file data.txt (compact mmCIF, C-alpha atoms)
# COMPACT_ATOMS: atom_id res chain seq x y z
CA MET A 28 75.38 148.02 -194.52
CA ASN A 29 71.74 147.78 -195.46
CA GLU A 30 72.22 144.34 -196.92
CA ILE A 31 73.95 143.14 -193.75
CA ALA A 32 71.10 144.54 -191.67
CA PHE A 33 68.51 142.82 -193.85
CA GLY A 34 70.28 139.50 -193.55
CA LEU A 35 70.95 139.74 -189.84
CA THR A 36 67.40 140.77 -189.00
CA TYR A 37 66.24 137.30 -189.84
CA ALA A 38 69.39 135.33 -189.12
CA LEU A 39 69.83 136.22 -185.44
CA PRO A 40 66.28 135.32 -184.33
CA ALA A 41 66.52 132.18 -186.45
CA ILE A 42 69.70 131.04 -184.67
CA ALA A 43 68.10 131.64 -181.29
CA ALA A 44 64.90 129.88 -182.31
CA ALA A 45 66.81 126.89 -183.66
CA ILE A 46 68.75 126.49 -180.41
CA ALA A 47 65.56 126.91 -178.37
CA VAL A 48 63.66 124.31 -180.40
CA ALA A 49 66.59 121.89 -180.05
CA VAL A 50 66.65 122.30 -176.27
CA ILE A 51 62.87 121.87 -176.06
CA GLY A 52 63.01 118.77 -178.23
CA ALA A 53 65.75 117.24 -176.12
CA ALA A 54 63.84 117.96 -172.91
CA GLY A 55 60.69 116.48 -174.45
CA MET A 56 62.46 113.30 -175.45
CA ASN A 57 64.01 112.94 -172.01
CA ALA A 58 60.57 113.30 -170.48
CA VAL A 59 59.07 110.66 -172.77
CA GLY A 60 61.94 108.34 -171.93
CA ARG A 61 61.25 108.67 -168.22
CA ASN A 62 57.49 108.34 -168.48
CA PRO A 63 56.44 106.67 -171.71
CA GLU A 64 52.74 106.39 -170.98
CA LYS A 65 52.23 110.18 -170.82
CA VAL A 66 53.51 110.68 -174.34
CA ASN A 67 50.35 112.51 -175.52
CA ASP A 68 50.48 115.17 -172.80
CA ILE A 69 54.19 115.64 -173.30
CA ARG A 70 53.75 116.00 -177.05
CA THR A 71 51.09 118.68 -176.58
CA THR A 72 53.22 120.67 -174.15
CA MET A 73 56.28 120.33 -176.35
CA ILE A 74 54.45 121.62 -179.43
CA THR A 75 53.11 124.58 -177.46
CA ALA A 76 56.60 125.50 -176.27
CA ILE A 77 58.03 125.13 -179.79
CA VAL A 78 55.33 127.40 -181.20
CA PHE A 79 56.20 130.18 -178.77
CA SER A 80 59.84 130.23 -179.79
CA ASP A 81 59.06 129.71 -183.49
CA SER A 82 56.78 132.73 -183.64
CA LEU A 83 59.63 135.02 -182.61
CA ALA A 84 61.67 133.89 -185.59
CA VAL A 85 58.72 134.52 -187.89
CA ILE A 86 58.24 138.02 -186.45
CA GLY A 87 61.94 138.64 -187.25
CA LEU A 88 61.31 137.53 -190.84
CA ILE A 89 58.34 139.85 -191.17
CA ALA A 90 60.32 142.76 -189.77
CA ALA A 91 63.08 142.11 -192.33
CA ILE A 92 60.62 141.93 -195.25
CA ILE A 93 58.72 145.04 -194.18
CA ALA A 94 61.91 147.04 -193.68
CA LYS A 95 63.04 146.02 -197.16
CA VAL A 96 59.79 146.71 -198.99
CA LEU A 97 58.65 149.87 -197.22
CA MET B 29 70.77 131.46 -218.75
CA ILE B 30 67.87 129.15 -217.98
CA SER B 31 66.11 131.76 -215.90
CA SER B 32 66.25 134.32 -218.69
CA PHE B 33 63.73 132.26 -220.65
CA GLY B 34 60.88 132.77 -218.22
CA LYS B 35 60.62 135.74 -215.94
CA ILE B 36 57.81 136.96 -213.80
CA ASN B 37 57.70 140.31 -212.14
CA LEU B 38 58.00 139.94 -208.41
CA ASP B 39 55.03 141.96 -207.27
CA VAL B 40 55.20 141.60 -203.53
CA SER B 41 53.00 143.80 -201.43
CA ILE B 42 52.60 143.56 -197.69
CA GLY B 43 48.97 144.60 -197.68
CA ALA B 44 46.15 143.38 -199.85
CA LYS B 45 45.29 145.62 -202.78
CA THR B 46 41.84 146.90 -203.63
CA VAL B 47 40.35 145.32 -206.72
CA PHE B 48 37.09 147.21 -207.01
CA SER B 49 34.85 149.33 -204.90
CA LEU B 50 31.30 148.35 -204.01
CA PHE B 51 28.99 150.93 -202.40
CA GLY B 52 31.98 152.58 -200.77
CA LEU B 53 33.48 149.32 -199.43
CA ASN B 54 36.89 148.58 -200.92
CA VAL B 55 36.89 144.92 -201.88
CA THR B 56 40.47 143.66 -201.65
CA ASN B 57 41.85 140.61 -203.40
CA SER B 58 42.09 138.65 -200.17
CA MET B 59 38.40 139.26 -199.52
CA ILE B 60 37.59 137.52 -202.81
CA ILE B 61 39.47 134.36 -201.78
CA GLY B 62 37.93 134.64 -198.34
CA THR B 63 34.43 134.62 -199.77
CA ILE B 64 35.22 131.68 -202.05
CA SER B 65 36.69 129.61 -199.21
CA PHE B 66 33.79 130.56 -196.94
CA LEU B 67 31.31 129.25 -199.53
CA ILE B 68 33.32 126.06 -200.06
CA LEU B 69 33.56 125.42 -196.34
CA THR B 70 29.93 126.20 -195.56
CA ILE B 71 28.59 124.02 -198.37
CA GLY B 72 30.94 121.17 -197.48
CA ILE B 73 30.18 121.16 -193.75
CA ILE B 74 26.42 121.60 -194.12
CA TYR B 75 26.32 118.78 -196.66
CA SER B 76 28.29 116.49 -194.32
CA SER B 77 26.05 117.28 -191.36
CA ARG B 78 22.90 116.61 -193.44
CA MET B 79 24.31 113.26 -194.57
CA VAL B 80 25.21 112.37 -190.98
CA LYS B 81 21.67 113.19 -189.82
CA LYS B 82 20.19 111.00 -192.53
CA GLY B 83 22.59 108.24 -191.61
CA LYS B 84 24.21 107.91 -195.02
CA SER B 85 27.96 107.99 -195.51
CA ASN B 86 30.27 108.42 -198.47
CA LYS B 87 33.97 109.13 -198.77
CA PHE B 88 33.67 112.86 -198.26
CA THR B 89 31.63 112.62 -195.04
CA ARG B 90 33.94 109.93 -193.74
CA VAL B 91 36.97 112.24 -194.17
CA VAL B 92 35.16 115.14 -192.49
CA ARG B 93 34.03 112.93 -189.59
CA TRP B 94 37.53 111.53 -189.17
CA ALA B 95 39.03 115.04 -188.91
CA PHE B 96 36.21 116.09 -186.60
CA ASP B 97 36.78 113.10 -184.30
CA ILE B 98 40.49 113.83 -183.98
CA LEU B 99 39.79 117.48 -183.12
CA VAL B 100 37.11 116.63 -180.57
CA LYS B 101 39.39 114.08 -178.88
CA GLN B 102 42.07 116.76 -178.63
CA ILE B 103 39.59 119.24 -177.15
CA ASP B 104 38.44 116.68 -174.56
CA SER B 105 42.00 115.98 -173.52
CA VAL B 106 42.94 119.66 -173.05
CA MET B 107 39.83 121.19 -171.48
CA PRO B 108 39.18 120.63 -167.76
CA SER B 109 35.51 119.63 -167.90
CA LYS B 110 33.10 118.19 -170.46
CA LYS B 111 30.81 121.22 -170.26
CA SER B 112 33.64 123.62 -171.05
CA ALA B 113 34.78 121.32 -173.87
CA ARG B 114 31.32 121.50 -175.48
CA ALA B 115 31.33 125.29 -175.02
CA ILE B 116 34.68 126.00 -176.68
CA ALA B 117 34.42 123.37 -179.43
CA PRO B 118 32.49 125.43 -182.05
CA LEU B 119 34.93 128.35 -181.97
CA ALA B 120 38.04 126.19 -182.00
CA ILE B 121 36.92 123.80 -184.75
CA THR B 122 35.67 126.67 -186.93
CA ILE B 123 38.99 128.45 -186.57
CA PHE B 124 40.85 125.27 -187.53
CA PHE B 125 38.82 124.56 -190.66
CA PHE B 126 38.63 128.15 -191.87
CA VAL B 127 42.35 128.86 -191.51
CA LEU B 128 43.16 125.49 -193.07
CA VAL B 129 40.95 125.89 -196.13
CA ASN B 130 42.23 129.43 -196.73
CA TYR B 131 45.86 128.39 -196.45
CA TRP B 132 45.49 125.34 -198.69
CA LEU B 133 43.41 127.14 -201.28
CA ILE B 134 46.12 129.67 -201.92
CA SER B 135 48.97 127.18 -201.99
CA ILE B 136 47.62 124.98 -204.74
CA ILE B 137 45.19 126.68 -207.04
CA PRO B 138 46.72 128.13 -210.19
CA GLY B 139 46.17 131.68 -211.19
CA VAL B 140 47.40 133.27 -207.99
CA GLY B 141 49.05 136.54 -208.85
CA ALA B 142 48.70 136.03 -212.58
CA ILE B 143 45.02 136.80 -213.18
CA LYS B 144 44.81 140.54 -213.11
CA TYR B 145 41.98 143.03 -213.25
CA ASN B 146 43.01 146.64 -213.93
CA GLY B 147 46.60 145.68 -213.16
CA VAL B 148 45.84 144.26 -209.71
CA ALA B 149 46.05 140.51 -209.00
CA ILE B 150 42.65 139.27 -207.94
CA PHE B 151 43.73 136.30 -205.80
CA ARG B 152 45.71 136.57 -202.61
CA GLY B 153 45.58 134.42 -199.50
CA LEU B 154 43.29 135.57 -196.72
CA ASP B 155 45.80 134.37 -194.14
CA ALA B 156 48.44 136.65 -195.69
CA ASP B 157 46.26 139.65 -194.88
CA LEU B 158 47.07 141.24 -191.53
CA ASN B 159 43.47 142.45 -191.18
CA PHE B 160 42.15 138.90 -191.08
CA THR B 161 44.74 137.50 -188.68
CA CYS B 162 44.34 140.47 -186.34
CA ALA B 163 40.58 140.00 -186.39
CA LEU B 164 40.93 136.28 -185.69
CA ALA B 165 43.34 136.95 -182.81
CA ILE B 166 41.02 139.57 -181.29
CA ILE B 167 38.06 137.19 -181.63
CA THR B 168 40.05 134.44 -179.90
CA ILE B 169 41.27 136.59 -177.01
CA VAL B 170 37.88 138.25 -176.43
CA GLY B 171 36.20 134.86 -176.72
CA VAL B 172 38.51 133.42 -174.09
CA GLN B 173 37.61 136.28 -171.75
CA ILE B 174 33.89 135.77 -172.39
CA TYR B 175 34.12 132.05 -171.67
CA ALA B 176 36.14 132.74 -168.53
CA ILE B 177 33.55 135.26 -167.32
CA LYS B 178 30.73 132.79 -168.02
CA TYR B 179 32.57 130.08 -166.11
CA LEU B 180 34.09 132.03 -163.21
CA GLY B 181 31.95 135.13 -162.88
CA PHE B 182 33.06 138.67 -163.58
CA LEU B 183 34.72 139.42 -160.22
CA LYS B 184 36.70 136.18 -160.03
CA ASN B 185 37.92 136.74 -163.56
CA ALA B 186 39.06 140.26 -162.66
CA GLY B 187 40.61 138.69 -159.58
CA ARG B 188 42.95 136.75 -161.84
CA TYR B 189 44.64 139.99 -162.86
CA PHE B 190 44.09 142.35 -159.95
CA ARG B 191 45.04 140.65 -156.73
CA ASN B 192 45.35 142.33 -153.38
CA PRO B 193 48.86 143.80 -153.05
CA PHE B 194 48.78 143.85 -149.26
CA LYS B 195 48.03 140.18 -148.76
CA ASP B 196 49.92 138.86 -151.76
CA PRO B 197 52.55 141.24 -153.20
CA ILE B 198 54.16 138.76 -155.57
CA GLY B 199 50.77 137.68 -156.86
CA ALA B 200 49.87 141.29 -157.58
CA THR B 201 52.82 141.81 -159.92
CA GLU B 202 52.17 138.42 -161.44
CA GLY B 203 48.60 139.47 -162.16
CA LEU B 204 49.73 142.66 -163.87
CA LEU B 205 52.19 140.70 -165.98
CA GLU B 206 49.36 138.36 -166.97
CA LEU B 207 47.36 141.39 -168.12
CA ILE B 208 50.24 142.51 -170.32
CA GLY B 209 50.60 138.90 -171.43
CA GLU B 210 47.05 138.94 -172.83
CA PHE B 211 47.97 141.71 -175.24
CA SER B 212 51.22 140.05 -176.21
CA ARG B 213 49.30 136.82 -176.88
CA CYS B 214 46.97 138.70 -179.21
CA LEU B 215 49.92 140.24 -181.05
CA SER B 216 51.83 137.01 -181.38
CA LEU B 217 48.75 135.06 -182.53
CA SER B 218 48.10 137.46 -185.38
CA LEU B 219 51.73 137.92 -186.41
CA ARG B 220 52.53 134.20 -186.36
CA LEU B 221 49.84 133.27 -188.87
CA PHE B 222 50.41 136.38 -190.99
CA GLY B 223 54.17 135.84 -191.06
CA ASN B 224 53.95 132.21 -192.07
CA ALA B 225 51.35 132.84 -194.78
CA LEU B 226 53.13 135.86 -196.26
CA ALA B 227 56.51 134.12 -196.19
CA GLY B 228 54.95 131.12 -197.93
CA GLU B 229 53.47 133.22 -200.72
CA ILE B 230 56.73 135.11 -201.23
CA LEU B 231 58.60 131.79 -201.24
CA LEU B 232 56.41 130.40 -204.02
CA LEU B 233 56.82 133.60 -206.07
CA VAL B 234 60.59 133.63 -205.66
CA ILE B 235 60.96 129.96 -206.51
CA SER B 236 58.93 130.35 -209.67
CA ALA B 237 60.98 133.43 -210.60
CA ILE B 238 64.28 131.66 -210.05
CA ALA B 239 63.37 128.35 -211.66
CA GLY B 240 61.75 129.89 -214.74
CA PHE B 241 60.52 127.09 -216.97
CA LEU B 242 61.87 124.43 -214.61
CA SER B 243 59.13 125.37 -212.15
CA THR B 244 57.27 122.19 -213.07
CA LEU B 245 59.98 120.27 -211.26
CA ALA B 246 60.81 122.64 -208.41
CA LEU B 247 57.48 124.15 -207.49
CA PRO B 248 55.49 121.04 -206.41
CA LEU B 249 58.07 120.38 -203.70
CA PHE B 250 57.52 123.82 -202.20
CA MET B 251 53.77 123.54 -202.62
CA ALA B 252 53.86 120.32 -200.60
CA PHE B 253 55.93 122.15 -197.98
CA GLU B 254 53.32 124.93 -197.93
CA ILE B 255 50.51 122.40 -197.45
CA PHE B 256 52.36 120.93 -194.47
CA ILE B 257 53.02 124.36 -192.95
CA GLY B 258 49.36 125.32 -193.47
CA PHE B 259 48.20 122.28 -191.55
CA ILE B 260 50.68 122.99 -188.74
CA GLN B 261 49.71 126.67 -188.42
CA SER B 262 45.98 126.03 -188.33
CA TYR B 263 46.49 123.23 -185.80
CA ILE B 264 48.59 125.57 -183.67
CA PHE B 265 45.97 128.32 -183.76
CA PHE B 266 43.37 125.76 -182.72
CA MET B 267 45.56 124.44 -179.88
CA LEU B 268 46.41 127.90 -178.60
CA CYS B 269 42.72 128.82 -178.50
CA LEU B 270 42.08 125.71 -176.40
CA ILE B 271 45.06 126.26 -174.14
CA PHE B 272 44.23 129.90 -173.43
CA THR B 273 40.67 128.96 -172.54
CA SER B 274 41.70 126.09 -170.31
CA LEU B 275 44.26 128.28 -168.54
CA ALA B 276 41.64 130.97 -168.00
CA MET B 277 39.07 128.52 -166.66
CA GLY B 278 41.48 126.34 -164.72
CA ASN B 279 43.07 129.12 -162.74
CA ILE B 280 40.43 128.97 -160.06
CA GLU B 281 42.18 126.00 -158.46
CA GLN B 282 45.61 127.61 -158.63
CA ASN B 283 44.79 130.63 -156.50
CA VAL B 284 45.58 128.93 -153.19

call {"tool": "encode", "arguments": {"input": "data.txt", "output": "structure tokens"}}
result
Amino acid sequence: MNEIAFGLTYALPAIAAAIAVAVIGAAGMNAVGRNPEKVNDIRTTMITAIVFSDSLAVIGLIAAIIAKVL
Amino acid sequence: MISSFGKINLDVSIGAKTVFSLFGLNVTNSMIIGTISFLILTIGIIYSSRMVKKGKSNKFTRVVRWAFDILVKQIDSVMPSKKSARAIAPLAITIFFFVLVNYWLISIIPGVGAIKYNGVAIFRGLDADLNFTCALAIITIVGVQIYAIKYLGFLKNAGRYFRNPFKDPIGATEGLLELIGEFSRCLSLSLRLFGNALAGEILLLVISAIAGFLSTLALPLFMAFEIFIGFIQSYIFFMLCLIFTSLAMGNIEQNV
């Protein structure tokens, strides 16, 4: 049971983060397609949004490692 | 069978270990790398600025100026006014270079984890130390508040969080949520950098333990990956510092 918990603690946030990053990327590309001259602003906003969802996956990884080592 | 030829002991610790004690201050192994990277960075940047003032240029100063120009262009595009861009630039660019040099130093130099003094490894990344990332996050968040107070004034800045509940009930709850959001930003800033750096170090250790003597083939790939991730994380810290400041300063137009 412990091994399943250790694996799931990282896997579930990672699935959610992967889906979120995919949605953000698709929205970003749609936006660039509609308005190609604002590509720099859109890239900045897209990276900011990706960072917010990526950090949750990393916090899940840290929680898994700390629960295993401590 | 291959991995039984070379084995290393996976010595993973979440916190940095104390190497020696100096006048009552416990010097940890991440502090040693931090001091080394601080000296490298200070000497490099001061040398480049002296060469720029004299008007000479060589390859090193050209690389530093190129990076500096890209960062300053990014700052100018995010911040609302030129004065605020000049004000936030030192903090943001220092954060970028310091986090970058620390991350890269620990991904490439040999001897990490292997050189031991009294049984404790004397090199460990500063970014993989929660003390440093918490301190950097606190500096960023407090710095954003200080710049906002300098730009807006103390009462208008407090007015971002505490709005009048009788005239504007939705805005009042939104202000309280923004106050909680400041603390969650601090937490996520520190944990993001710490998580990525610690995971990177553990990844390199595990790869070298699995590959054994084939590490010469497998490890450079992961070191290149670590270099890329280091650049991304430092760039993200830099961008978030800018974005938080521009949100704090720019809110004065949104309160209509």

call {"tool": "interface_residues", "arguments": {"input": "data.txt", "of": "chain A", "to": "chain B", "cutoff": "8 Å", "atoms": "only C-alpha atoms", "output": "list in words"}}
result
Thr75, Val78, Ser82, Val85, Ile86, Leu88, Ile89, Ile93 and Val96 of chain A

call {"tool": "atom_distance", "arguments": {"input": "data.txt", "atom1": "atom CA of Ile73 of chain B", "atom2": "atom CA of Ala176 of chain B"}}
result
28.4 Å

call {"tool": "residues_around", "arguments": {"input": "data.txt", "residues": "segment 55-67 of chain A", "least_positions_apart": "4", "cutoff": "12 Å", "atoms": "all atoms listed in the file", "output": "PyMOL selection string"}}
result
(chain A and resi 48-51+71-77) or (chain B and resi 101-102+105-106)

call {"tool": "closest_residue", "arguments": {"input": "data.txt", "among": "B:Tyr75, B:Trp132, B:Phe266, B:Phe126", "to": "Phe88 of chain B", "atoms": "only C-alpha atoms"}}
result
B:Tyr75

call {"tool": "atom_distance", "arguments": {"input": "data.txt", "atom1": "atom CA of Leu133 of chain B", "atom2": "atom CA of Leu247 of chain B"}}
result
15.7 Å

call {"tool": "axis_aligned_box", "arguments": {"input": "data.txt", "around": "segment 84-91 of chain A", "padding_each_side": "5 Å", "output": "AutoDock Vina command-line options"}}
result
--center_x 60.7 --center_y 138.3 --center_z -189.0 --size_x 14.8 --size_y 18.9 --size_z 16.7

call {"tool": "residues_around", "arguments": {"input": "data.txt", "residues": "segment 33-38 of chain A", "least_positions_apart": "2", "cutoff": "12 Å", "atoms": "all atoms listed in the file", "output": "NGL selection string"}}
result
:A and (28-31 or 40-45 or 83-96)

call {"tool": "build_atoms", "arguments": {"input": "data.txt", "residues": "segment 37-58 of chain A", "atoms": "N, CA and C atoms", "output": "PDB file, keeping the file's coordinate frame"}}
result
ATOM      1  N   TYR A  37      66.863 138.609-189.954  1.00  0.00           N
ATOM      2  CA  TYR A  37      66.240 137.300-189.840  1.00  0.00           C
ATOM      3  C   TYR A  37      67.178 136.268-189.245  1.00  0.00           C
ATOM      4  N   ALA A  38      68.491 136.411-189.507  1.00  0.00           N
ATOM      5  CA  ALA A  38      69.390 135.330-189.120  1.00  0.00           C
ATOM      6  C   ALA A  38      69.525 135.198-187.608  1.00  0.00           C
ATOM      7  N   LEU A  39      69.623 136.329-186.891  1.00  0.00           N
ATOM      8  CA  LEU A  39      69.830 136.220-185.440  1.00  0.00           C
ATOM      9  C   LEU A  39      68.647 135.599-184.708  1.00  0.00           C
ATOM     10  N   PRO A  40      67.379 136.051-184.968  1.00  0.00           N
ATOM     11  CA  PRO A  40      66.280 135.320-184.330  1.00  0.00           C
ATOM     12  C   PRO A  40      66.210 133.866-184.751  1.00  0.00           C
ATOM     13  N   ALA A  41      66.610 133.567-185.993  1.00  0.00           N
ATOM     14  CA  ALA A  41      66.520 132.180-186.450  1.00  0.00           C
ATOM     15  C   ALA A  41      67.517 131.305-185.703  1.00  0.00           C
ATOM     16  N   ILE A  42      68.727 131.830-185.437  1.00  0.00           N
ATOM     17  CA  ILE A  42      69.700 131.040-184.670  1.00  0.00           C
ATOM     18  C   ILE A  42      69.154 130.756-183.280  1.00  0.00           C
ATOM     19  N   ALA A  43      68.627 131.818-182.640  1.00  0.00           N
ATOM     20  CA  ALA A  43      68.100 131.640-181.290  1.00  0.00           C
ATOM     21  C   ALA A  43      66.933 130.662-181.274  1.00  0.00           C
ATOM     22  N   ALA A  44      66.054 130.778-182.282  1.00  0.00           N
ATOM     23  CA  ALA A  44      64.900 129.880-182.310  1.00  0.00           C
ATOM     24  C   ALA A  44      65.338 128.447-182.552  1.00  0.00           C
ATOM     25  N   ALA A  45      66.356 128.248-183.393  1.00  0.00           N
ATOM     26  CA  ALA A  45      66.810 126.890-183.660  1.00  0.00           C
ATOM     27  C   ALA A  45      67.376 126.253-182.396  1.00  0.00           C
ATOM     28  N   ILE A  46      68.191 127.038-181.645  1.00  0.00           N
ATOM     29  CA  ILE A  46      68.750 126.490-180.410  1.00  0.00           C
ATOM     30  C   ILE A  46      67.637 126.197-179.406  1.00  0.00           C
ATOM     31  N   ALA A  47      66.656 127.116-179.325  1.00  0.00           N
ATOM     32  CA  ALA A  47      65.560 126.910-178.370  1.00  0.00           C
ATOM     33  C   ALA A  47      64.759 125.663-178.712  1.00  0.00           C
ATOM     34  N   VAL A  48      64.448 125.477-180.010  1.00  0.00           N
ATOM     35  CA  VAL A  48      63.660 124.310-180.400  1.00  0.00           C
ATOM     36  C   VAL A  48      64.440 123.030-180.123  1.00  0.00           C
ATOM     37  N   ALA A  49      65.782 123.080-180.330  1.00  0.00           N
ATOM     38  CA  ALA A  49      66.590 121.890-180.050  1.00  0.00           C
ATOM     39  C   ALA A  49      66.552 121.537-178.572  1.00  0.00           C
ATOM     40  N   VAL A  50      66.669 122.564-177.709  1.00  0.00           N
ATOM     41  CA  VAL A  50      66.650 122.300-176.270  1.00  0.00           C
ATOM     42  C   VAL A  50      65.299 121.739-175.846  1.00  0.00           C
ATOM     43  N   ILE A  51      64.209 122.347-176.424  1.00  0.00           N
ATOM     44  CA  ILE A  51      62.870 121.870-176.060  1.00  0.00           C
ATOM     45  C   ILE A  51      62.683 120.434-176.519  1.00  0.00           C
ATOM     46  N   GLY A  52      63.153 120.130-177.725  1.00  0.00           N
ATOM     47  CA  GLY A  52      63.010 118.770-178.230  1.00  0.00           C
ATOM     48  C   GLY A  52      63.753 117.770-177.378  1.00  0.00           C
ATOM     49  N   ALA A  53      64.969 118.153-176.959  1.00  0.00           N
ATOM     50  CA  ALA A  53      65.750 117.240-176.120  1.00  0.00           C
ATOM     51  C   ALA A  53      65.067 117.005-174.781  1.00  0.00           C
ATOM     52  N   ALA A  54      64.536 118.104-174.179  1.00  0.00           N
ATOM     53  CA  ALA A  54      63.840 117.960-172.910  1.00  0.00           C
ATOM     54  C   ALA A  54      62.598 117.094-173.072  1.00  0.00           C
ATOM     55  N   GLY A  55      61.877 117.287-174.212  1.00  0.00           N
ATOM     56  CA  GLY A  55      60.690 116.480-174.450  1.00  0.00           C
ATOM     57  C   GLY A  55      61.024 115.003-174.576  1.00  0.00           C
ATOM     58  N   MET A  56      62.101 114.711-175.283  1.00  0.00           N
ATOM     59  CA  MET A  56      62.460 113.300-175.450  1.00  0.00           C
ATOM     60  C   MET A  56      62.923 112.676-174.156  1.00  0.00           C
ATOM     61  N   ASN A  57      63.643 113.458-173.331  1.00  0.00           N
ATOM     62  CA  ASN A  57      64.010 112.940-172.010  1.00  0.00           C
ATOM     63  C   ASN A  57      62.769 112.613-171.191  1.00  0.00           C
ATOM     64  N   ALA A  58      61.778 113.520-171.260  1.00  0.00           N
ATOM     65  CA  ALA A  58      60.570 113.300-170.480  1.00  0.00           C
ATOM     66  C   ALA A  58      59.826 112.053-170.940  1.00  0.00           C
TER      67      ALA A  58
END
